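Novice: For reference, the file my_file-v2.txt (compact mmCIF, C-alpha atoms) is included below:
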```
# COMPACT_ATOMS: atom_id res chain seq x y z
CA MET A 1 1.95 -0.12 7.73
CA ALA A 2 2.54 3.33 9.13
CA GLY A 3 5.39 5.28 7.56
CA HIS A 4 5.70 3.47 4.24
CA GLU A 5 4.39 6.47 2.30
CA GLN A 6 7.84 7.97 2.70
CA PHE A 7 9.24 5.12 0.61
CA ALA A 8 6.76 5.47 -2.27
CA GLU A 9 9.07 7.35 -4.63
CA ASP A 10 12.15 5.36 -3.68
CA LEU A 11 10.19 2.19 -4.46
CA ALA A 12 9.77 3.34 -8.07
CA LEU A 13 13.51 3.94 -8.39
CA TYR A 14 14.24 0.60 -6.74
CA ALA A 15 11.90 -1.13 -9.17
CA LEU A 16 14.05 0.28 -11.99
CA ASN A 17 17.30 -0.77 -10.23
CA THR A 18 18.45 2.84 -10.05
CA LEU A 19 18.23 3.55 -6.31
CA GLU A 20 21.64 3.84 -4.72
CA GLY A 21 23.52 4.24 -1.45
CA GLU A 22 21.86 4.89 1.87
CA ASP A 23 18.39 5.29 0.33
CA ARG A 24 18.66 1.80 -1.14
CA ALA A 25 19.85 0.28 2.14
CA ASN A 26 17.04 1.96 4.10
CA LEU A 27 14.42 0.80 1.64
CA GLU A 28 15.70 -2.78 1.61
CA LYS A 29 15.50 -2.80 5.40
CA HIS A 30 11.90 -1.58 5.19
CA LEU A 31 10.99 -4.09 2.43
CA ALA A 32 12.14 -6.95 4.64
CA THR A 33 9.26 -6.22 7.00
CA CYS A 34 6.58 -4.57 4.83
CA SER A 35 4.51 -6.85 2.58
CA ALA A 36 2.46 -3.91 1.25
CA CYS A 37 5.60 -2.27 -0.11
CA ARG A 38 6.84 -5.57 -1.56
CA LEU A 39 3.56 -5.91 -3.42
CA GLU A 40 3.78 -2.34 -4.68
CA LEU A 41 7.36 -3.04 -5.81
CA GLU A 42 6.15 -5.99 -7.93
CA GLN A 43 3.47 -3.80 -9.45
CA LEU A 44 5.94 -1.02 -10.23
CA ARG A 45 8.17 -3.60 -11.95
CA GLY A 46 5.10 -4.63 -13.94
CA ASP A 47 4.50 -0.98 -14.87
CA GLY A 48 8.08 -0.72 -16.07
CA ALA A 49 7.68 -3.99 -17.97
CA LEU A 50 4.99 -2.27 -20.04
CA LEU A 51 7.67 0.09 -21.33
CA ALA A 52 9.90 -2.85 -22.19
CA LEU A 53 7.17 -5.08 -23.64
CA SER A 54 5.99 -2.36 -25.94
CA THR A 55 9.45 -1.86 -27.44
CA LEU A 56 9.35 -2.73 -31.12
CA GLY A 57 12.26 -3.60 -33.33
CA PRO A 58 13.63 -6.06 -35.86
CA ARG A 59 13.49 -9.78 -35.17
CA PRO A 60 16.75 -11.33 -33.94
CA PRO A 61 18.96 -12.76 -36.69
CA GLN A 62 18.27 -16.40 -37.59
CA ARG A 63 21.72 -17.48 -36.44
CA ALA A 64 20.90 -16.44 -32.85
CA ARG A 65 18.42 -19.31 -32.45
CA GLN A 66 20.93 -21.93 -33.56
CA ARG A 67 23.62 -20.30 -31.44
CA LEU A 68 21.41 -20.70 -28.37
CA LEU A 69 20.50 -24.31 -29.12
CA ASP A 70 24.16 -25.14 -29.79
CA ALA A 71 25.13 -23.58 -26.46
CA VAL A 72 22.45 -25.54 -24.62
CA ALA A 73 23.53 -28.80 -26.25
CA LYS A 74 27.15 -28.04 -25.42
CA GLU A 75 26.32 -27.39 -21.76
CA ALA A 76 24.50 -30.70 -21.46
CA ALA A 77 27.18 -32.78 -23.22
CA PRO A 78 29.93 -34.35 -21.07
CA SER A 79 33.46 -33.39 -21.98
CA PRO A 80 35.12 -36.50 -23.47
CA ASN A 81 38.60 -35.19 -22.70
CA LEU A 82 38.10 -34.58 -18.99
CA SER A 83 39.01 -38.05 -17.73
CA GLN A 84 41.88 -38.24 -20.19
CA LYS A 85 43.12 -34.89 -18.98
CA ALA A 86 42.72 -35.97 -15.35
CA ARG A 87 44.82 -39.07 -16.03
CA LYS A 88 47.50 -36.94 -17.67
CA ASP A 89 47.51 -34.53 -14.76
CA GLY A 90 47.81 -37.43 -12.32
CA ALA A 91 50.76 -38.89 -14.22
CA SER A 92 52.42 -35.52 -14.16
CA SER A 93 52.02 -35.30 -10.38
CA VAL A 94 53.57 -38.72 -9.96
CA ARG A 95 56.54 -37.71 -12.05
CA GLU A 96 56.93 -34.51 -10.07
CA GLY A 97 56.68 -36.52 -6.83
CA GLY A 98 59.52 -38.72 -8.02
CA ALA A 99 61.63 -35.69 -8.73
CA ARG A 100 60.90 -34.29 -5.28
CA ARG A 101 61.94 -37.55 -3.65
CA SER A 102 65.30 -37.53 -5.40
CA TRP A 103 65.73 -33.86 -4.40
CA TRP A 104 65.08 -34.82 -0.75
CA GLY A 105 67.61 -37.62 -0.99
CA PHE A 106 70.20 -35.19 -2.27
CA LEU A 107 69.66 -32.63 0.43
CA GLY A 108 69.39 -35.16 3.28
CA TRP A 109 69.99 -33.55 6.67
CA ALA A 110 69.57 -30.02 5.45
CA ALA A 111 65.98 -30.67 4.44
CA THR A 112 65.17 -32.35 7.76
CA VAL A 113 66.51 -29.36 9.70
CA ALA A 114 64.46 -27.03 7.54
CA VAL A 115 61.31 -29.00 8.30
CA ILE A 116 61.93 -28.80 12.07
CA VAL A 117 62.65 -25.07 11.95
CA PHE A 118 59.46 -24.31 10.09
CA ALA A 119 57.24 -26.86 11.84
CA ALA A 120 55.45 -24.29 13.96
CA SER A 121 54.57 -22.02 11.07
CA LEU A 122 53.50 -25.00 8.96
CA TRP A 123 51.22 -26.17 11.77
CA LYS A 124 49.58 -22.75 11.87
CA GLU A 125 49.17 -22.73 8.12
CA ASN A 126 47.70 -26.23 8.29
CA ALA A 127 45.09 -25.09 10.81
CA ALA A 128 44.12 -22.19 8.57
CA LEU A 129 43.88 -24.51 5.57
CA LYS A 130 41.63 -26.88 7.51
CA GLN A 131 39.33 -23.99 8.33
CA ARG A 132 39.22 -22.96 4.65
CA LEU A 133 38.62 -26.57 3.66
CA ALA A 134 35.64 -26.81 6.02
CA SER A 135 34.22 -23.60 4.54
CA ALA A 136 34.78 -24.90 1.00
CA SER A 137 33.04 -28.18 1.88
CA GLU A 138 30.06 -26.28 3.18
CA LYS A 139 29.90 -24.25 -0.04
CA ALA A 140 30.21 -27.43 -2.10
CA GLU A 141 27.29 -28.99 -0.23
CA GLN A 142 25.23 -25.86 -0.82
CA SER A 143 26.09 -25.94 -4.54
CA THR A 144 25.08 -29.60 -4.71
CA ARG A 145 21.72 -28.79 -3.14
CA GLU A 146 21.18 -25.90 -5.56
CA LEU A 147 22.16 -28.07 -8.53
CA GLU A 148 19.71 -30.77 -7.47
CA ASN A 149 16.98 -28.13 -7.20
CA LEU A 150 17.79 -26.84 -10.69
CA ARG A 151 17.73 -30.37 -12.09
CA ARG A 152 14.35 -30.98 -10.50
CA VAL A 153 12.83 -27.83 -11.97
CA ALA A 154 14.46 -28.13 -15.41
CA ALA A 155 13.79 -31.84 -15.76
CA PRO A 156 10.76 -31.52 -18.10
CA LEU A 157 12.93 -29.49 -20.46
CA ILE A 158 16.05 -31.62 -20.48
CA ALA A 159 15.30 -35.20 -19.39
CA PRO A 160 15.24 -37.76 -22.23
CA GLU A 161 12.36 -39.59 -20.52
CA ALA A 162 10.18 -36.45 -20.28
CA GLN A 163 6.72 -37.12 -21.70
CA ARG A 164 5.79 -34.59 -24.39
CA VAL A 165 2.15 -34.26 -25.31
CA THR A 166 0.61 -32.18 -28.09
CA LEU A 167 -3.04 -31.19 -27.64
CA VAL A 168 -5.06 -30.23 -30.71
CA ALA A 169 -8.56 -28.87 -31.23
CA VAL A 170 -11.30 -31.44 -31.53
CA LYS A 171 -13.10 -29.75 -34.42
CA THR A 172 -12.54 -26.24 -35.64
CA PRO A 173 -9.81 -24.86 -37.90
CA PRO A 174 -7.56 -22.87 -37.75
CA GLN A 175 -6.06 -25.22 -35.26
CA PRO A 176 -5.52 -24.13 -31.69
CA GLN A 177 -2.62 -26.08 -30.28
CA GLY A 178 -1.33 -26.89 -26.83
CA LYS A 179 1.95 -28.60 -26.03
CA ALA A 180 2.52 -30.20 -22.65
CA PHE A 181 5.98 -31.28 -21.51
CA TYR A 182 5.48 -33.51 -18.49
CA LEU A 183 7.95 -35.39 -16.33
CA ARG A 184 6.11 -37.73 -14.01
CA ASN A 185 8.87 -38.60 -11.57
CA ARG A 186 9.48 -34.87 -10.97
CA SER A 187 5.83 -33.81 -11.11
CA SER A 188 7.02 -31.07 -13.45
CA LEU A 189 4.94 -29.68 -16.29
CA LEU A 190 5.48 -26.99 -18.92
CA PHE A 191 2.47 -26.15 -21.10
CA VAL A 192 2.46 -23.79 -24.09
CA ALA A 193 -0.72 -22.94 -26.06
CA ASN A 194 -1.21 -21.15 -29.38
CA ASN A 195 -4.20 -19.89 -31.36
CA MET A 196 -6.61 -20.43 -28.48
CA PRO A 197 -10.11 -19.07 -29.15
CA ALA A 198 -11.19 -16.04 -27.08
CA LEU A 199 -13.14 -16.85 -23.93
CA PRO A 200 -16.50 -15.56 -22.72
CA PRO A 201 -16.31 -13.02 -19.86
CA GLN A 202 -15.51 -14.46 -16.40
CA LYS A 203 -14.27 -17.70 -17.99
CA ALA A 204 -10.83 -19.31 -18.24
CA TYR A 205 -9.29 -22.44 -19.73
CA GLU A 206 -8.29 -25.17 -17.31
CA LEU A 207 -5.71 -27.84 -18.12
CA TRP A 208 -6.34 -31.35 -16.77
CA LEU A 209 -3.96 -34.21 -16.28
CA ILE A 210 -5.90 -37.42 -17.00
CA PRO A 211 -4.25 -40.12 -14.90
CA VAL A 212 -4.15 -43.80 -15.82
CA GLN A 213 -6.46 -44.39 -12.89
CA GLY A 214 -8.75 -42.02 -11.05
CA ALA A 215 -10.34 -38.64 -11.68
CA PRO A 216 -8.84 -35.84 -13.81
CA ILE A 217 -6.40 -33.67 -11.87
CA PRO A 218 -6.44 -29.84 -12.23
CA ALA A 219 -3.14 -28.73 -13.84
CA GLY A 220 -3.55 -24.97 -13.98
CA VAL A 221 -5.94 -22.25 -15.12
CA PHE A 222 -4.98 -19.87 -17.92
CA LYS A 223 -6.39 -17.09 -20.06
CA PRO A 224 -4.76 -16.61 -23.45
CA ASP A 225 -3.68 -13.15 -24.53
CA ALA A 226 -5.31 -11.40 -27.47
CA HIS A 227 -3.10 -13.44 -29.80
CA GLY A 228 -4.38 -16.71 -28.34
CA SER A 229 -1.10 -17.55 -26.59
CA ALA A 230 -0.62 -18.80 -23.04
CA THR A 231 2.02 -20.52 -20.92
CA LEU A 232 1.80 -22.59 -17.72
CA VAL A 233 4.94 -23.45 -15.77
CA ASN A 234 5.04 -26.12 -13.08
CA PRO A 235 1.47 -26.02 -11.70
CA PRO A 236 1.07 -27.91 -8.41
CA LEU A 237 0.58 -31.62 -9.14
CA PRO A 238 0.52 -34.74 -6.96
CA ALA A 239 3.78 -36.65 -6.97
CA GLY A 240 4.44 -39.46 -9.38
CA THR A 241 1.12 -39.42 -11.26
CA GLU A 242 1.28 -41.22 -14.60
CA ALA A 243 -0.53 -39.25 -17.28
CA LYS A 244 -2.70 -41.06 -19.79
CA ALA A 245 -3.63 -37.80 -21.50
CA PHE A 246 -4.04 -34.07 -21.04
CA ALA A 247 -7.25 -32.17 -21.67
CA ILE A 248 -8.61 -28.63 -21.57
CA THR A 249 -12.04 -27.41 -20.52
CA VAL A 250 -13.60 -24.00 -20.09
CA GLU A 251 -14.25 -23.14 -16.46
CA ASN A 252 -15.00 -20.16 -14.28
CA GLU A 253 -12.02 -17.84 -13.79
CA ALA A 254 -11.17 -19.29 -10.38
CA GLY A 255 -10.89 -22.78 -11.87
CA SER A 256 -12.67 -25.98 -10.89
CA THR A 257 -11.79 -29.19 -9.09
CA THR A 258 -13.75 -31.28 -11.60
CA PRO A 259 -13.89 -30.68 -15.36
CA THR A 260 -17.00 -29.12 -16.85
CA MET A 261 -17.95 -30.77 -20.12
CA PRO A 262 -17.30 -30.51 -22.98
CA ILE A 263 -13.57 -31.15 -23.32
CA VAL A 264 -12.39 -28.58 -25.85
CA MET A 265 -8.90 -29.98 -26.42
CA MET A 266 -7.24 -33.28 -25.61
CA GLY A 267 -4.03 -35.12 -26.35
CA THR A 268 -2.16 -38.29 -25.45
CA GLY A 269 1.60 -38.90 -25.41
CA GLU A 270 3.55 -38.68 -28.66
CA MET B 1 21.38 -34.67 -25.40
CA LYS B 2 18.70 -35.59 -27.90
CA SER B 3 17.48 -32.78 -30.11
CA GLY B 4 13.88 -33.32 -28.89
CA ASP B 5 14.88 -32.33 -25.36
CA GLN B 6 15.50 -28.80 -26.53
CA SER B 7 12.08 -28.42 -28.11
CA ALA B 8 10.53 -26.78 -25.04
CA LEU B 9 13.22 -24.13 -24.94
CA ALA B 10 12.91 -23.67 -28.70
CA GLU B 11 9.14 -23.10 -28.28
CA LEU B 12 9.77 -20.40 -25.68
CA TYR B 13 12.50 -18.86 -27.83
CA ASP B 14 10.22 -18.71 -30.86
CA ARG B 15 7.56 -17.01 -28.77
CA TYR B 16 9.62 -14.50 -26.81
CA SER B 17 12.91 -13.90 -28.63
CA SER B 18 11.55 -10.89 -30.52
CA VAL B 19 10.54 -9.22 -27.22
CA VAL B 20 13.89 -9.98 -25.60
CA TYR B 21 15.90 -8.84 -28.62
CA ALA B 22 13.85 -5.65 -29.06
CA VAL B 23 14.35 -4.65 -25.41
CA ALA B 24 18.08 -5.38 -25.51
CA LEU B 25 18.48 -3.48 -28.77
CA ARG B 26 16.50 -0.50 -27.45
CA VAL B 27 18.80 -0.24 -24.43
CA LEU B 28 22.12 -1.06 -26.08
CA GLY B 29 21.63 0.28 -29.61
CA ASP B 30 24.01 -2.36 -30.95
CA THR B 31 22.88 -5.55 -32.67
CA GLY B 32 25.88 -7.64 -31.58
CA ALA B 33 25.55 -6.65 -27.92
CA ALA B 34 21.77 -7.19 -28.08
CA GLU B 35 22.31 -10.68 -29.49
CA ASP B 36 24.68 -11.46 -26.61
CA VAL B 37 22.04 -10.38 -24.07
CA LEU B 38 19.41 -12.43 -25.94
CA GLN B 39 21.65 -15.47 -25.65
CA GLU B 40 22.40 -14.82 -21.97
CA VAL B 41 18.75 -14.37 -20.97
CA PHE B 42 17.57 -17.61 -22.60
CA LEU B 43 20.55 -19.52 -21.21
CA GLN B 44 19.63 -18.22 -17.75
CA LEU B 45 16.07 -19.46 -18.30
CA TRP B 46 17.45 -22.82 -19.44
CA ARG B 47 19.75 -23.16 -16.46
CA ASN B 48 17.23 -21.95 -13.91
CA PRO B 49 13.64 -22.15 -15.16
CA GLY B 50 12.41 -22.18 -11.55
CA ALA B 51 13.50 -18.55 -11.22
CA PHE B 52 10.28 -17.57 -12.97
CA ASP B 53 7.27 -17.85 -10.68
CA ALA B 54 4.22 -18.38 -12.90
CA ALA B 55 1.91 -17.49 -10.03
CA ARG B 56 3.32 -13.96 -9.87
CA GLY B 57 2.98 -12.72 -13.43
CA SER B 58 3.47 -13.47 -17.11
CA LEU B 59 6.62 -15.01 -18.58
CA GLY B 60 6.77 -12.30 -21.26
CA ALA B 61 6.81 -9.50 -18.69
CA TRP B 62 9.37 -11.33 -16.56
CA LEU B 63 11.67 -11.88 -19.54
CA ALA B 64 11.29 -8.23 -20.54
CA VAL B 65 12.34 -7.05 -17.07
CA VAL B 66 15.22 -9.53 -16.79
CA THR B 67 16.41 -8.47 -20.27
CA ARG B 68 16.18 -4.79 -19.47
CA ASN B 69 18.19 -5.30 -16.27
CA ARG B 70 20.88 -7.36 -18.04
CA ALA B 71 21.10 -4.86 -20.90
CA ILE B 72 21.48 -1.95 -18.48
CA ASP B 73 24.25 -3.86 -16.69
CA ALA B 74 25.97 -4.35 -20.05
CA LEU B 75 25.44 -0.72 -21.02
CA ARG B 76 26.97 0.53 -17.78
CA ARG B 77 29.69 -2.11 -17.95
CA ARG B 78 28.99 -3.49 -14.53
CA ARG B 79 28.52 -6.97 -13.18
CA PRO B 80 24.92 -8.21 -13.06
CA GLU B 81 23.31 -6.56 -10.04
CA THR B 82 20.12 -8.56 -9.74
CA ASP B 83 19.68 -12.31 -9.56
CA ILE B 84 16.95 -13.45 -11.91
CA GLU B 85 15.40 -15.28 -8.95
CA ASP B 86 14.85 -11.90 -7.29
CA VAL B 87 12.85 -10.46 -10.17
CA VAL B 88 9.14 -10.68 -9.44
CA VAL B 89 6.81 -8.87 -11.83
CA SER B 90 3.08 -8.76 -11.29
CA VAL B 91 0.09 -7.78 -13.36
CA ALA B 92 1.72 -6.93 -16.70
CA PRO B 93 0.19 -8.60 -19.78
CA ASP B 94 2.13 -11.28 -21.65
CA LEU B 95 2.15 -9.72 -25.16
CA ALA B 96 3.85 -12.69 -26.83
CA GLY B 97 2.26 -11.96 -30.19
CA ASN B 98 3.44 -9.19 -32.51
CA ALA B 99 -0.09 -7.86 -32.97
CA ASP B 100 -0.62 -7.54 -29.20
CA ARG B 101 2.73 -5.85 -28.79
CA SER B 102 2.00 -3.40 -31.57
CA ARG B 103 -1.26 -2.43 -29.86
CA ALA B 104 0.44 -2.16 -26.47
CA ALA B 105 3.30 -0.12 -27.94
CA GLU B 106 0.76 2.26 -29.43
CA LYS B 107 -0.95 2.61 -26.07
CA VAL B 108 2.36 3.19 -24.26
CA ARG B 109 3.33 5.79 -26.85
CA GLY B 110 -0.04 7.45 -26.24
CA VAL B 111 0.57 7.60 -22.48
CA LEU B 112 4.13 8.87 -22.97
CA GLY B 113 2.88 11.42 -25.49
CA SER B 114 0.38 12.77 -23.00
CA MET B 115 3.09 13.32 -20.36
CA PRO B 116 4.94 16.62 -20.08
CA GLY B 117 8.27 16.38 -21.96
CA PRO B 118 10.53 16.52 -18.87
CA GLN B 119 8.57 13.71 -17.22
CA ARG B 120 8.71 11.50 -20.29
CA SER B 121 12.41 12.04 -20.69
CA ALA B 122 13.10 11.37 -16.97
CA LEU B 123 11.21 8.08 -17.22
CA GLU B 124 13.02 7.02 -20.40
CA MET B 125 16.44 7.98 -19.04
CA ALA B 126 15.79 5.91 -15.91
CA TYR B 127 14.30 2.90 -17.70
CA PHE B 128 16.24 2.65 -20.94
CA GLU B 129 19.55 4.18 -19.86
CA GLY B 130 19.57 2.99 -16.25
CA MET B 131 20.39 6.49 -14.97
CA SER B 132 19.90 7.16 -11.26
CA HIS B 133 17.72 10.06 -10.18
CA SER B 134 20.83 11.99 -9.13
CA GLU B 135 22.40 11.47 -12.56
CA ILE B 136 19.21 12.68 -14.22
CA ALA B 137 19.04 15.67 -11.84
CA ASN B 138 22.65 16.54 -12.70
CA LYS B 139 21.93 16.27 -16.39
CA THR B 140 18.71 18.28 -16.36
CA GLY B 141 19.54 20.70 -13.53
CA GLU B 142 16.30 19.90 -11.73
CA PRO B 143 15.78 19.01 -8.05
CA LEU B 144 16.17 15.37 -6.98
CA GLY B 145 12.67 15.25 -5.49
CA THR B 146 11.13 16.45 -8.74
CA ILE B 147 12.87 13.69 -10.69
CA LYS B 148 11.71 11.04 -8.21
CA THR B 149 8.12 12.24 -8.41
CA ARG B 150 8.17 12.31 -12.21
CA ILE B 151 9.46 8.74 -12.49
CA ARG B 152 6.93 7.32 -10.05
CA SER B 153 3.94 9.17 -11.45
CA GLY B 154 5.01 8.16 -14.97
CA LEU B 155 4.97 4.48 -14.00
CA ILE B 156 1.59 4.86 -12.28
CA ALA B 157 0.18 6.53 -15.41
CA LEU B 158 1.20 3.47 -17.45
CA ARG B 159 -0.43 1.18 -14.90
CA LYS B 160 -3.72 3.08 -15.07
CA ALA B 161 -3.75 2.99 -18.86
CA PHE B 162 -3.51 -0.82 -18.88
CA GLN B 163 -5.74 -1.57 -15.90
CA GLY B 164 -8.67 -3.71 -16.99
CA SER B 165 -7.49 -3.86 -20.59
CA SER B 166 -5.21 -6.90 -20.49
```
Take the structure I supplied and represent it as structure tokens, if you would.
Specialist:
Amino acid sequence: MAGHEQFAEDLALYALNTLEGEDRANLEKHLATCSACRLELEQLRGDGALLALSTLGPRPPQRARQRLLDAVAKEAAPSPNLSQKARKDGASSVREGGARRSWWGFLGWAATVAVIVFAASLWKENAALKQRLASASEKAEQSTRELENLRRVAAPLIAPEAQRVTLVAVKTPPQPQGKAFYLRNRSSLLFVANNMPALPPQKAYELWLIPVQGAPIPAGVFKPDAHGSATLVNPPLPAGTEAKAFAITVENEAGSTTPTMPIVMMGTGE
Amino acid sequence: MKSGDQSALAELYDRYSSVVYAVALRVLGDTGAAEDVLQEVFLQLWRNPGAFDAARGSLGAWLAVVTRNRAIDALRRRRPETDIEDVVVSVAPDLAGNADRSRAAEKVRGVLGSMPGPQRSALEMAYFEGMSHSEIANKTGEPLGTIKTRIRSGLIALRKAFQGSS
């Protein structure tokens, strides 16, 4: 696109989150319409990530891991006191209501006159409250949709019925290992591999979902890093497929629609 | 929640926590604050794993960028400026293993070492201190345009050094 050269240097600053003011606003306007600059932005973020990834330091303290897992467990657990608290709050409101009623009885006519005098302003306030309520309802619906989306994506991590499969090498030690976390009713899959042997040039590993019936289904292509590690997150899968097993083959880099023998790793549900 | 349900997150933590913690500690220089960012980043991943798009880059690189951004926000005592869903990182290697990271760190140090001093320091001030180009220009007394050029060409130099090697 003509004219995007002028944004080249601002893109680098934007990638580092340090572009400010009018320059930032102008660039964001340009990014909304320029796919070439969006791509360059992603690459510049990747360049910056090299700085971050290469940062060395001590390992986090051991307590940090447990702290995280405790926090996750706490978030997932329902609060046992909520309903009790709600009941208490309700009882309190009833008691306050009773007090208000006796107050009204005491004031009698004076209260009635006050209501009439302020009726107009109360009506206006009511209209404003209705408008705010409608806006709040809309936000609540949006939050519900977002929550449902999060549940769908996170389901393989958190659902008790998630199928977890460990894949191990057929023959050679030291053992390469792959772990698949699969949730059929969400078609969600997380796969983590360790100690994978290096691949020949132009080749990649391909993960296969072996259904109970029918042909193996491609579940993502990956190339391990120099340490033999790789991760696949939510590859596209047909809905609702029951997995009998997972398997890995070596394929061309672009992947294949049918597995090329031999199967180098395979695993069934634990 | 059954303990087994957390095993996937624990796997990812075991693989990437050292990267996340190292980045946070490099930016913040304080172990307690770095541990807080470590916790926050993995909780964000737990709450919203769909924010990471596997088709657009490696999880390690994505976590490194998210961590750097959160740590800079903490350093500058400001509210988080970027949603993790908005962070898309392409092309960077994963570097989950310590050996890979050591090699990459050596290569990055080599690239930084080959840069002129003012360029290296402009890049580090922007990346690890979150300073804007105008703040860097004020600090160094150099023109704004020069600072912008140095930061961009520094990033491109890193890209070239890793092209074809990951």
Novice: Which residues are near Tyr127 (chain B)? Cut-off 9 Å, all atoms listed in the file, ignore same chain within fewer than 5 positions. Put them as a ChimeraX atom specification.
Specialist: /A:16-18,48,51-52 /B:27,68,72,122
Novice: Tell me, in Å to one decimal, how far CA of Pro224 (chain A) is from CA of Met196 (chain A).
Specialist: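 A separation of 6.6 Å between them.
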Novice: Please, which residues are within 12 Å of (24.0, -8.9, -30.8) by the file's coordinates, counting all atoms listed in the file, and could they come as number ranges by chain?
Specialist: A: 58-65, 67; B: 20-40, 71, 74
Novice: Given the choices B:Ala8, B:Met115, B:Val66, B:Met125, which gets closest to chain A if the distance is worked out from all atoms listed in the file?
Specialist: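 Looking only at the distances to chain A, the closest residue turns out to be B:Ala8.
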Novice: Calculate how many Å separate CA of Ser153 (chain B) from CA of Leu123 (chain B), rounding to one decimal.
Specialist: 9.3 Å
Novice: How far is it from CA of Thr55 (chain A) to CA of Ala105 (chain B), in Å with one decimal?
Specialist: 6.4 Å
Novice: Rank A:Trp208, A:Phe7, A:Phe181, A:Phe246 by their smallest atom-to-atom distance to chain B, using only C-alpha atoms, and report the top residue only.
Specialist: A:Phe181
Novice: So which one's closest to chain A, B:Pro118, B:Asn138, B:Ala157, B:Arg152? Using all atoms listed in the file, please.
Specialist: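 So, comparing all the options, the nearest one is B:Arg152.
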Novice: Got a sec: who's within 12 Å of Thr268 (chain A), counting all atoms listed in the file, leaving out chain neighbours fewer than 2 positions off, as a list in words?
Specialist: Gln163, Arg164, Val165, Thr166, Leu167, Val168, Gly178, Lys179, Ala180, Phe181, Tyr182, Trp208, Leu209, Ile210, Pro211, Val212, Glu242, Ala243, Lys244, Ala245, Phe246, Ala247, Met265, Met266 and Glu270 of chain A
Novice: Nearest to Gln44 (chain B): which of B:Ser114, B:Gln119, B:Ser7, B:Thr67 is it, counting all atoms listed in the file?
Specialist: B:Thr67
Novice: From the list B:Ala10, B:Ala161, B:Thr149, B:Ile156, which residue is nearest Glu40 (chain A) when using all atoms listed in the file?
Specialist: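 Residue with the minimum atom-to-atom distance to Glu40 (chain A): B:Ile156.
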